[in-house]
Amino acid sequence: MPIPMPLCRIPETRADVALNLSMVTRHGLVTGATGTGKTVTLQALAEALSRAGVPVLCCDIKGDLSGIAAAGGDNTKIAAAFGRLGLPEPEYAANPTAFWDVAGAKGHPLRATVSDLGPLLLGRLLGLKEVQADTLRLLFRVADERGLPILDLADLRAMVEWATANAASLKAEYGLMSGSSLGAIQRSILVLDDTGAGRFFGEPALDIADLMRVDANGRGVVNVLAADGLMAEPELYATVLLHLLGEVFEELPEAGDPDKPKLVLLIDEAHLMFDGAPAALVQAVERTARLVRSKGVGLWLVTQSPLDVPESVLGQLGNRIHHALRAYTPKDRKAVDSVAETLRPNPLVDAAAVITELGVGEALVSFLDREGRPTPVERVMVVPPASRIGPLDPGERARIVAASPMGARYGEALDRESAYEILKGKIAGGIGAKADETKSGAAREPTIEEIEAELRGLPPEPAPREPAGRTLAKREPARRANGGVGLAEDLARAALSAAGRELGRQAVRSLLGTRRRRR
């Protein structure tokens with residue numbers, strides 16, 4: 001049975017305007033100019049979903065949303081808003097909250113591997129041209145088929161360096177990978193690493209199940225992504241969000257039409273996902289948004305203007321909350337007209353006139369009814385949340401992060417053997433010991449060409465010594481008790497190379513280019 005979730009109220013009639021919980025997966029749009037109340041609406045929506053037992057992931061652009069983890073109260077403006085709505089002040093309470101941060105400074109580290117991200121999103125993050133992006137896709141295919149895990153940027157750089165040195169031997173199977181394209185990719189990786197974006201890549205990668213927790217009282221956990229630092233790198237912010245969307249789509253099973261969502265994504269500054277995005281990526285987002293609802297997932301985009309969202313995506317957002325828009329420019333006027341034209345008319349509300357007159361906290365809303373039909377537009381006030389309006393102080397945030405069970409799982413970075421070690425790690429030892437090994441006849445470490453021969457199932461051939469100065473700095477291993485990887489482990493890897501190749505061939509990438517994990 002559909003469950004109404006009171007979210008707004010008409011002050012004059014004291015009538016509630018409820019969001020149907022079963023329709024949240026039909027997605028939604030929240031718009032409004034700066035200072036019109038979008039952040040409070042985002043918090044109120046996240047809190048209402050949490051109370052209904054629905055886990056939420058939301059983006060905290062300014063730090064204000066962190067207050068959802070603390071009880072409200074002692075706010076005269078909020079008290080006055082409840083009075084205007086004819087509602088008593090609620091029992092102020094905190095919400096179960098988990099904080100995440102790509103930098104790891106304001107929450108649990110949020111990571112993904114380069115392989116999981118995929119070439120489509122990574123190509124956009126690196127700012128590659130079409131030919132370079134095609135080359136990157138070939139690199140991912142080579143890595144998949146040869147069982148070379150690309151976990152972080154050091155692995156990717158090693159892969160590019162190896163492909164550059166072996167372009168001639170790869171040409172017959174994969175076509176020409178030009179040195180100029182590989183060089184451009186390598187330069188882009190270095191630039192990206194210099195911005196600090198490299199900390200996003202690595203393990204342990206986020207398990208989507210950890211975003212879908214419910215506490216002992218049946219309330220959904222509100223996952224807050226600290227995004228204020230990411231605003232300096234909008235491409236990285238967009239990549240993180242698109243990757244999470246792709247992971248949700250790939251990892252969750254079909255759910256049909258549940259009475260309530262399994263997870264809701266509330267994405268602030270959503271226009272950053274589409275700014276400068278290639279047509280293929282926009283199409284992938286549109287298809288993912290259309291299909292992800294069948295997984296029981298709701299996608300709500302928050303932005304200043306409806307014109308910020310491509311029409312193909314906008315058409316998937318059935319629920320609408322429009323705060324005040326300003327018509328200072330012809331483009332602003334077009335945004336105002338688009339709101340009025342797309343809302344279901346109400347003879348009592350002149351949407352085109354009202355949208356520019358709304359006060360802080362007021363909005364024009366149209367939700368889907370239990371049959372999936374848009375309701376006539378209403379002028380409402382958003383009911384304030386019972387949690388704190390405003391940010392936590394650093395001490396409060398730190399205590400919540402320290403008490404979270406997610407710290408034990410994601411607190412420390414892991415460094416397992418990956419493409420870097422496979423392609424580069426054994427050469428250093430081989431170069432230094434080669435002369436002595438030749439004299440003594442002792443077994444030597446395999447060269448990169450011999451490792452490649454193993455991976456391809458071919459007899460090894462003698463290879464020239466790699467020149468000095470071509471080594472690539474690798475991050476310090478976080479967990480490697482024995483101080484290195486031994487020859488026995490290489491032999492085990494070689495014995496399993498056929499299985500690794502088969503798994504590589506079976507690697508499947510989703511609509512957004514992310515790799516479907518095998519569990």
# chains A, B, ... in the order shown; residues from 1 in each chain; ligands from 1
$ closest_atom_pairs --of "region 34-91 of chain A" --to "region 295-315 of chain A" --cutoff "12 Å" --atoms "only C-alpha atoms" --output "JSON lines"
{"residue": "A:Thr34", "atom": "CA", "partner": "A:Gln304", "partner_atom": "CA", "distance": 7.1}
{"residue": "A:Gly35", "atom": "CA", "partner": "A:Gln304", "partner_atom": "CA", "distance": 10.2}
{"residue": "A:Thr36", "atom": "CA", "partner": "A:Gln304", "partner_atom": "CA", "distance": 9.7}
{"residue": "A:Gly37", "atom": "CA", "partner": "A:Gln304", "partner_atom": "CA", "distance": 11.0}
{"residue": "A:Lys38", "atom": "CA", "partner": "A:Val302", "partner_atom": "CA", "distance": 7.6}
{"residue": "A:Thr39", "atom": "CA", "partner": "A:Val302", "partner_atom": "CA", "distance": 9.0}
{"residue": "A:Val40", "atom": "CA", "partner": "A:Val302", "partner_atom": "CA", "distance": 11.7}
{"residue": "A:Thr41", "atom": "CA", "partner": "A:Val302", "partner_atom": "CA", "distance": 9.9}
{"residue": "A:Leu42", "atom": "CA", "partner": "A:Val302", "partner_atom": "CA", "distance": 8.1}
{"residue": "A:Gln43", "atom": "CA", "partner": "A:Val302", "partner_atom": "CA", "distance": 11.8}
{"residue": "A:Leu45", "atom": "CA", "partner": "A:Trp300", "partner_atom": "CA", "distance": 10.1}
{"residue": "A:Ala46", "atom": "CA", "partner": "A:Trp300", "partner_atom": "CA", "distance": 10.7}
{"residue": "A:Leu49", "atom": "CA", "partner": "A:Gly298", "partner_atom": "CA", "distance": 11.0}
{"residue": "A:Val54", "atom": "CA", "partner": "A:Val297", "partner_atom": "CA", "distance": 10.1}
{"residue": "A:Pro55", "atom": "CA", "partner": "A:Val297", "partner_atom": "CA", "distance": 10.1}
{"residue": "A:Val56", "atom": "CA", "partner": "A:Gly298", "partner_atom": "CA", "distance": 9.4}
{"residue": "A:Leu57", "atom": "CA", "partner": "A:Leu299", "partner_atom": "CA", "distance": 9.9}
{"residue": "A:Cys58", "atom": "CA", "partner": "A:Trp300", "partner_atom": "CA", "distance": 9.5}
{"residue": "A:Cys59", "atom": "CA", "partner": "A:Val302", "partner_atom": "CA", "distance": 9.7}
{"residue": "A:Asp60", "atom": "CA", "partner": "A:Val302", "partner_atom": "CA", "distance": 11.4}
{"residue": "A:Ile61", "atom": "CA", "partner": "A:Val302", "partner_atom": "CA", "distance": 11.1}
$ residues_around --residues "Leu252 (chain A)" --least-positions-apart "2" --cutoff "10 Å" --atoms "only C-alpha atoms" --output "ChimeraX atom specification"
/A:208-209,247-250,254-255,262,292,294-297
$ closest_atom_pairs --of "region 216-253 of chain A" --to "region 189-199 of chain A" --cutoff "10 Å" --atoms "only C-alpha atoms" --output "tab-separated table"
residue	atom	partner	partner_atom	distance
A:Leu230	CA	A:Ala197	CA	9.4
A:Ala232	CA	A:Thr195	CA	9.6
A:Glu233	CA	A:Thr195	CA	8.1
A:Leu236	CA	A:Ala197	CA	7.1
A:Tyr237	CA	A:Ala197	CA	9.9
$ write_last_selection --atoms "C-alpha atoms" --output "JSON list (two decimals), in the first residue's frame"
[["chain", "number", "residue", "atom", "x", "y", "z"],
["A", 230, "LEU", "CA", 35.67, 18.60, -4.24],
["A", 232, "ALA", "CA", 37.73, 22.95, -6.37],
["A", 233, "GLU", "CA", 37.89, 19.92, -8.71],
["A", 236, "LEU", "CA", 36.45, 14.80, -9.92],
["A", 237, "TYR", "CA", 33.19, 15.54, -8.09]]
$ atom_distance --atom1 "CA of Arg388 (chain A)" --atom2 "CA of Asn20 (chain A)"
24.9 Å
$ closest_residue --among "A:Gly53, A:Ala168, A:Leu343, A:Leu364" --to "Ala216 (chain A)" --atoms "only C-alpha atoms"
A:Gly53
$ atom_distance --atom1 "CA of Arg290 (chain A)" --atom2 "CA of Thr239 (chain A)"
19.3 Å
$ select_by_dssp --residues "region 219-435 of chain A" --states "strand (DSSP E or B)" --output "VMD selection string"
chain A and resid 220 222 to 226 263 to 267 297 to 303 319 to 322 346 349 362 to 366 368 374 378 to 382 387 414
$ residues_around --residues "His243 (chain A)" --least-positions-apart "4" --cutoff "9 Å" --atoms "only C-alpha atoms" --output "PyMOL selection string"
chain A and resi 112+116-118+121+238-239+247-248+512-514
$ write_last_selection --atoms "C-alpha atoms" --output "compact mmCIF listing (two decimals), in the first residue's frame"
# COMPACT_ATOMS: atom_id res chain seq x y z
CA ALA A 112 37.33 3.24 -6.11
CA ASP A 116 36.11 -0.25 -11.47
CA LEU A 117 35.81 3.33 -12.72
CA GLY A 118 36.23 2.30 -16.34
CA LEU A 121 34.46 8.12 -16.83
CA ALA A 238 31.18 14.63 -11.18
CA THR A 239 33.23 11.47 -11.70
CA GLU A 247 27.93 1.00 -9.14
CA VAL A 248 24.42 1.15 -7.70
CA LEU A 512 28.53 4.12 -17.43
CA GLY A 513 31.63 2.09 -18.22
CA THR A 514 32.16 0.76 -14.69
$ closest_residue --among "A:Ala352, A:Met159, A:Phe82, A:Gly63" --to "Lys334 (chain A)" --atoms "only C-alpha atoms"
A:Ala352
